[in-house]
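Reading through the C-alpha cells given below for one structure.
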Amino acid sequence: MTVQAIHCAPIGFIRSCYKEKFGIPRQAGLVNAVPATLVLSPSFSQETVDGLADFSHLWLLFLFHAHLGAGWQPKVRPPRLGGNRRVGVFASRAPFRPNPIGLSAVELLGIERQGSAMVLRLGGVDLLDGTPVLDIKPYIPYADAHPQARAGFASTAPRERPVTFSEVAELQVRRQDPDGKRQLRRLIQQVLAQDPRPAYLDRRPARDRFGLRLFDLEIRWQVRGEGFLVVSVEPIGESTS
Ligand code: SAH
C-alpha cells in the first residue's frame, strides 16, 4: 500500500526570541539563556499533559514553516562542513527536506494554564517564533540517549567563539534589561558564540559587519579576531546607523 499524503494539524505554536532565521542556533540545547514557550491549542486540555511535568526533557516534532514550498535537494551542504562538502539530505539535519519536519530535544521548565490554553516553558529551543508544533513526546534517557554513538561530521559540539561588548552595547543592554532578569546579555553572548554567519562567508573575509534580531532588538556586531564584538543593541526602528 502506498500512502499518498498525511494530513495533520499543529497542536500548538512556539513563542521565542528568534524573530528571523539568521542567528537561530543550529541545534537545540546550544543556547539556553532565555526560555521559549509552547502554547497549546485550547482543544488540548490539562488532561493531555498530565504526567509530562515529571520529565525534565521532551522531544518536539515541528514544521519548518518558514520553508514551506521551498523544495529540497538530495544533497546538502551542512554548515559543520564549512558549507563546501555535501552529504545526503537524510544524513543531515537541514531544514529543507522532502517532508519539512524538524525534531528537537528541549528542556521542560514548567507547565501552566494561561486562560484557556496550556503553556509549556522550554529551555534550549532552536525554533523560529511562530513555529507550528506537531507533537510532543517525553524524552526517555534509557532509550533515547546513546553517549557512545558515532556522529559522522557532527561528532563534537561546534567550537564557541569569544564574544565581547563595546561600552555602548553594555549600556544599551543595561537599558533594555536593567536588573538582568531577562538575561539579555547572556542570550546575545550565547547566540554569537555559535557563529551565526553562513558557512560560505568563511571564505569571504571581506564582510565583517552583521546585524541580527532578538526579541524586538537589533544587535549589531562585527568580527574581532577569532571572535565577535557587539557594537550596539537597539530597539528595531530606533537604530542610529
Ligand atoms: N533540531 C532541529 C532543527 C535543526 S535545523 C532538527 O534537527 O530537525 C535548525 C535551523 O532551523 C535553525 O538554525 C533555523 O534556521 C531553522 N528553523 C528553526 N525554526 C524554523 C522554522 N519554523 N521554519 C524554518 N526554519 C526554521
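How things are named: the first chain in the C-alpha cells is A, the next is B, and so on; residues count from 1 in each chain; ligands count from 1 in the order shown.
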- Message: Please return as a PyMOL selection string the residues found within 6 Å of ligand 1, counting only C-alpha atoms and all ligand atoms.
- Response: chain A and resi 21+24-28+63-67+93-95+102-104+126-128+131
- Write out as a PyMOL selection string each polymer residue whose atoms come within 9 Å of range 210-226 of chain A, counting only C-alpha atoms; drop sequence neighbours fewer than 2 positions from it. chain A and resi 16-20+22-23+161-165+169+187-188+192+197+207-208+228-237+239
- Measure the distance from CA of Ala151 in chain A to CA of Leu38 in chain A in Å and round it to one decimal.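 Those two atoms sit 29.2 Å apart.
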- Task: Pick out the closest residue to Leu52 in chain A from this set: A:Val125, A:Leu108, A:Val31, A:Ile101. Count only C-alpha atoms.
- Result: A:Leu108
- From the list A:Asp177, A:Asp54, A:Glu47, A:Glu170, which residue is nearest Arg113 in chain A when using only C-alpha atoms? A:Glu47
Which residues are close to Ser116 in chain A, i.e. within 9 Å by only C-alpha atoms, leaving aside same-chain residues fewer than 4 positions away? Reply as an mmCIF file with all heavy atoms, in the first residue's frame.
```
data_model
loop_
_atom_site.group_PDB
_atom_site.id
_atom_site.type_symbol
_atom_site.label_atom_id
_atom_site.label_comp_id
_atom_site.auth_asym_id
_atom_site.auth_seq_id
_atom_site.Cartn_x
_atom_site.Cartn_y
_atom_site.Cartn_z
ATOM 1 N N SER A 41 -2.961 24.533 21.545
ATOM 2 C CA SER A 41 -4.303 24.926 21.122
ATOM 3 C C SER A 41 -5.293 24.595 22.246
ATOM 4 O O SER A 41 -5.131 23.583 22.933
ATOM 5 C CB SER A 41 -4.629 24.173 19.835
ATOM 6 O OG SER A 41 -5.990 23.855 19.798
ATOM 7 N N PRO A 42 -6.317 25.434 22.433
ATOM 8 C CA PRO A 42 -7.261 25.211 23.544
ATOM 9 C C PRO A 42 -7.960 23.849 23.463
ATOM 10 O O PRO A 42 -8.498 23.378 24.460
ATOM 11 C CB PRO A 42 -8.272 26.353 23.396
ATOM 12 C CG PRO A 42 -7.541 27.408 22.637
ATOM 13 C CD PRO A 42 -6.576 26.696 21.736
ATOM 14 N N SER A 43 -7.906 23.193 22.297
ATOM 15 C CA SER A 43 -8.532 21.865 22.252
ATOM 16 C C SER A 43 -7.719 20.821 23.026
ATOM 17 O O SER A 43 -8.194 19.700 23.216
ATOM 18 C CB SER A 43 -8.774 21.420 20.815
ATOM 19 O OG SER A 43 -7.659 21.679 20.025
ATOM 20 N N SER A 45 -6.561 20.037 26.489
ATOM 21 C CA SER A 45 -6.805 20.437 27.872
ATOM 22 C C SER A 45 -5.641 19.998 28.758
ATOM 23 O O SER A 45 -4.721 19.310 28.310
ATOM 24 C CB SER A 45 -8.074 19.748 28.370
ATOM 25 O OG SER A 45 -7.824 18.353 28.428
#
```
- Task: Enumerate, as a PyMOL selection string, the complete set of residues in range 39-217 of chain A that a backbone-based DSSP assignment places in strand (DSSP E).
- Result: chain A and resi 39-40+57-63+75-76+87-88+101-114+117-123+132-138+163-165+209-214+217
- Query: Per DSSP on the backbone, what are the alpha helix (DSSP H) residues of range 60-158 of chain A, as an MDAnalysis selection string?
  - Reply: chainID A and resid 141:144
- Which distance in Å separates CA of Gly227 in chain A and CA of Gly83 in chain A, to one decimal?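 These two atoms are separated by 19.3 Å.
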